[in-house]
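Peer 1: Got model_20.pdb for you, PDB, C-alpha atoms:
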ATOM      1  CA  MET K   1     -15.955 247.992 217.618
ATOM      2  CA  ASN K   2     -18.829 250.364 218.365
ATOM      3  CA  ASN K   3     -21.230 247.404 218.574
ATOM      4  CA  THR K   4     -18.933 245.791 221.162
ATOM      5  CA  ILE K   5     -19.023 248.926 223.287
ATOM      6  CA  GLU K   6     -22.815 249.189 223.146
ATOM      7  CA  LYS K   7     -23.237 245.527 224.130
ATOM      8  CA  GLY K   8     -20.900 245.873 227.109
ATOM      9  CA  LYS K   9     -21.947 249.323 228.291
ATOM     10  CA  ALA K  10     -24.548 248.120 230.825
ATOM     11  CA  ALA K  11     -22.072 245.761 232.496
ATOM     12  CA  ALA K  12     -19.343 248.420 232.391
ATOM     13  CA  ILE K  13     -21.495 251.010 234.150
ATOM     14  CA  THR K  14     -22.794 248.459 236.663
ATOM     15  CA  SER K  15     -19.231 247.527 237.633
ATOM     16  CA  TYR K  16     -18.728 250.940 239.250
ATOM     17  CA  ILE K  17     -21.367 250.364 241.919
ATOM     18  CA  LEU K  18     -18.930 249.884 244.785
ATOM     19  CA  GLY K  19     -19.008 246.420 246.265
ATOM     20  CA  ILE K  20     -21.814 244.394 244.773
ATOM     21  CA  GLY K  21     -21.767 246.036 241.328
ATOM     22  CA  VAL K  22     -18.586 244.235 240.324
ATOM     23  CA  PHE K  23     -20.129 240.836 240.995
ATOM     24  CA  ILE K  24     -23.327 241.747 239.116
ATOM     25  CA  ALA K  25     -21.257 242.971 236.154
ATOM     26  CA  MET K  26     -19.154 239.803 236.207
ATOM     27  CA  SER K  27     -22.293 237.677 236.000
ATOM     28  CA  MET K  28     -23.629 239.888 233.184
ATOM     29  CA  ASN K  29     -20.358 239.370 231.300
ATOM     30  CA  ALA K  30     -20.038 235.632 232.025
ATOM     31  CA  ASP K  31     -21.630 234.203 228.873
ATOM     32  CA  ASP K  32     -20.390 236.504 226.135
ATOM     33  CA  LYS K  33     -17.034 237.924 227.155
ATOM     34  CA  ASN K  34     -17.027 241.567 226.124
ATOM     35  CA  ALA K  35     -13.625 243.291 226.103
ATOM     36  CA  PHE K  36     -15.118 246.698 226.933
ATOM     37  CA  ALA K  37     -17.055 245.333 229.901
ATOM     38  CA  SER K  38     -14.046 243.304 231.092
ATOM     39  CA  PHE K  39     -11.864 246.426 231.052
ATOM     40  CA  HIS K  40     -14.320 248.352 233.224
ATOM     41  CA  ILE K  41     -14.966 245.383 235.521
ATOM     42  CA  ARG K  42     -11.240 245.291 236.301
ATOM     43  CA  GLN K  43     -11.286 249.052 236.904
ATOM     44  CA  GLY K  44     -14.353 248.812 239.153
ATOM     45  CA  LEU K  45     -12.926 245.892 241.112
ATOM     46  CA  GLY K  46      -9.656 247.743 241.572
ATOM     47  CA  LEU K  47     -11.470 250.812 242.861
ATOM     48  CA  THR K  48     -13.525 248.687 245.244
ATOM     49  CA  LEU K  49     -10.408 246.979 246.592
ATOM     50  CA  THR K  50      -8.658 250.346 246.920
ATOM     51  CA  PHE K  51     -11.635 251.805 248.771
ATOM     52  CA  ILE K  52     -11.776 248.880 251.203
ATOM     53  CA  SER K  53      -8.001 248.821 251.760
ATOM     54  CA  LEU K  54      -7.696 252.544 252.355
ATOM     55  CA  GLY K  55     -10.816 252.500 254.523
ATOM     56  CA  LEU K  56      -9.395 249.762 256.745
ATOM     57  CA  ILE K  57      -6.093 251.583 257.164
ATOM     58  CA  ILE K  58      -7.527 255.071 257.649
ATOM     59  CA  SER K  59     -10.299 253.986 260.018
ATOM     60  CA  ASN K  60      -7.662 253.399 262.688
ATOM     61  CA  PHE K  61      -6.890 257.132 262.837
ATOM     62  CA  ASP K  62     -10.478 258.336 263.434
ATOM     63  CA  SER K  63      -9.728 261.782 262.063
ATOM     64  CA  LEU K  64     -11.702 263.759 259.512
ATOM     65  CA  MET K  65      -8.495 265.397 258.270
ATOM     66  CA  ILE K  66      -7.212 261.965 257.259
ATOM     67  CA  SER K  67     -10.430 260.329 256.071
ATOM     68  CA  ALA K  68     -11.777 263.248 253.988
ATOM     69  CA  PRO K  69      -8.886 263.163 251.458
ATOM     70  CA  MET K  70      -9.403 259.409 251.065
ATOM     71  CA  TRP K  71     -13.084 259.954 250.238
ATOM     72  CA  VAL K  72     -12.208 262.720 247.765
ATOM     73  CA  PHE K  73      -9.501 260.550 246.139
ATOM     74  CA  VAL K  74     -11.797 257.553 245.684
ATOM     75  CA  SER K  75     -14.711 259.753 244.550
ATOM     76  CA  VAL K  76     -12.614 261.432 241.861
ATOM     77  CA  LEU K  77     -11.323 258.090 240.557
ATOM     78  CA  TRP K  78     -14.817 256.601 240.659
ATOM     79  CA  SER K  79     -16.276 259.582 238.773
ATOM     80  CA  TYR K  80     -13.560 259.379 236.146
ATOM     81  CA  GLY K  81     -14.164 255.657 235.668
ATOM     82  CA  ILE K  82     -17.945 255.773 235.433
ATOM     83  CA  PHE K  83     -17.937 258.735 233.041
ATOM     84  CA  SER K  84     -15.380 256.913 230.900
ATOM     85  CA  ALA K  85     -17.735 253.908 230.767
ATOM     86  CA  ILE K  86     -20.744 256.097 229.935
ATOM     87  CA  LYS K  87     -18.848 257.789 227.089
ATOM     88  CA  GLY K  88     -17.721 254.411 225.724
ATOM     89  CA  GLU K  89     -14.011 254.934 226.337
ATOM     90  CA  THR K  90     -11.425 252.516 227.679
ATOM     91  CA  LYS K  91      -9.246 255.016 229.514
ATOM     92  CA  PRO K  92      -7.830 253.685 232.796
ATOM     93  CA  VAL K  93      -8.445 255.706 235.939
ATOM     94  CA  PRO K  94      -5.541 258.030 236.805
ATOM     95  CA  LEU K  95      -2.678 256.758 238.978
ATOM     96  CA  LEU K  96      -3.977 253.231 239.568
ATOM     97  CA  GLY K  97      -5.857 252.166 236.426
ATOM     98  CA  ASN K  98      -2.885 250.625 234.613
ATOM     99  CA  PHE K  99      -2.009 248.621 237.726
ATOM    100  CA  PHE K 100      -5.586 247.337 237.943
ATOM    101  CA  GLN K 101      -5.367 246.114 234.351
ATOM    102  CA  LYS K 102      -2.093 244.269 235.049
ATOM    103  CA  TRP K 103      -2.951 242.840 238.465
ATOM    104  CA  LEU K 104      -6.513 241.796 237.722
ATOM    105  CA  ILE K 105      -5.947 240.389 234.238
ATOM    106  CA  LYS K 106      -7.556 237.028 235.096
ATOM    107  CA  ILE K 107     -10.760 238.700 236.284
ATOM    108  CA  SER K 108     -13.676 238.558 233.815
TER
END
Show me this structure written as structure tokens.

Peer 2:
Amino acid sequence: MNNTIEKGKAAAITSYILGIGVFIAMSMNADDKNAFASFHIRQGLGLTLTFISLGLIISNFDSLMISAPMWVFVSVLWSYGIFSAIKGETKPVPLLGNFFQKWLIKIS
């Protein structure tokens, strides 16, 4: 199991680069499907989609009091996810991680 984590760690960490990182990680994981990398790719994609969705909704308000909590929320989830990948753990991000694993099961 430890060998699997080490092989997928680069793709797992890359998947947390918001936006393009998910696609790079998916291409890195295309040949040899690594379960550890796939887990973190789903988490990274879910965070990216959450960031874009919340950003589109909150941008209509044009208020720092509304947008700042969104940035803090996404930053905390992103930090949790990337540190989990660095440590070699498959812990889903709080609140949304289990949903990402269910909804994005076909990804990677």

Peer 1: Do you know which residues the PyMOL selection byres ((chain K and resi 26-39) around 9) returns on this file, as a count of residues only?

Peer 2: 29

Peer 1: For a cutoff of 8 Å around the file-coordinate point (-7.5, 251.3, 243.3), which residues qualify once you count only C-alpha atoms? I'd like the result as a ChimeraX atom specification.

Peer 2: /K:43,45-51,74,96-97,100

Peer 1: What gap, in Å, lies between atom CA of K:Trp71 and atom CA of K:Lys106?

Peer 2: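 Straight-line distance from atom CA of K:Trp71 to atom CA of K:Lys106 works out to 28.0 Å.
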
Peer 1: I'd like to know which of K:Phe83, K:Trp103, K:Phe73, K:Trp78 is closest to K:Gly55, using only C-alpha atoms.

Peer 2: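 Of K:Phe83, K:Trp103, K:Phe73, K:Trp78, the one nearest K:Gly55, counting only C-alpha atoms, is K:Phe73.
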
Peer 1: Let me make sure I understand: among K:Leu54, K:Asn3, K:Asn98, K:Val93, which one has the smallest atom-to-atom distance to K:Leu77 if we use only C-alpha atoms?

Peer 2: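 Going through K:Leu54, K:Asn3, K:Asn98, K:Val93 one by one, the smallest distance to K:Leu77 is for K:Val93.
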
Peer 1: Counting all atoms listed in the file, which residue out of K:Asn60, K:Ala68, K:Tyr16, K:Ile105 sits closest to K:Tyr80?

Peer 2: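 Distance minimum relative to K:Tyr80 lands on K:Tyr16.
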
Peer 1: Which of these residues is nearest to K:Ile17, using all atoms listed in the file: K:Val72, K:Ile82, K:Leu95, K:Leu64?

Peer 2: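 Checking each of K:Val72, K:Ile82, K:Leu95, K:Leu64 against K:Ile17, counting all atoms listed in the file, the winner is K:Ile82.
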
Peer 1: When distances are computed from all atoms listed in the file, which of K:Ile66, K:Leu104, K:Val76, K:Gly81 shows the smallest separation from K:Thr14?

Peer 2: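 Looking at the shortest contact to K:Thr14, the residue is K:Gly81.
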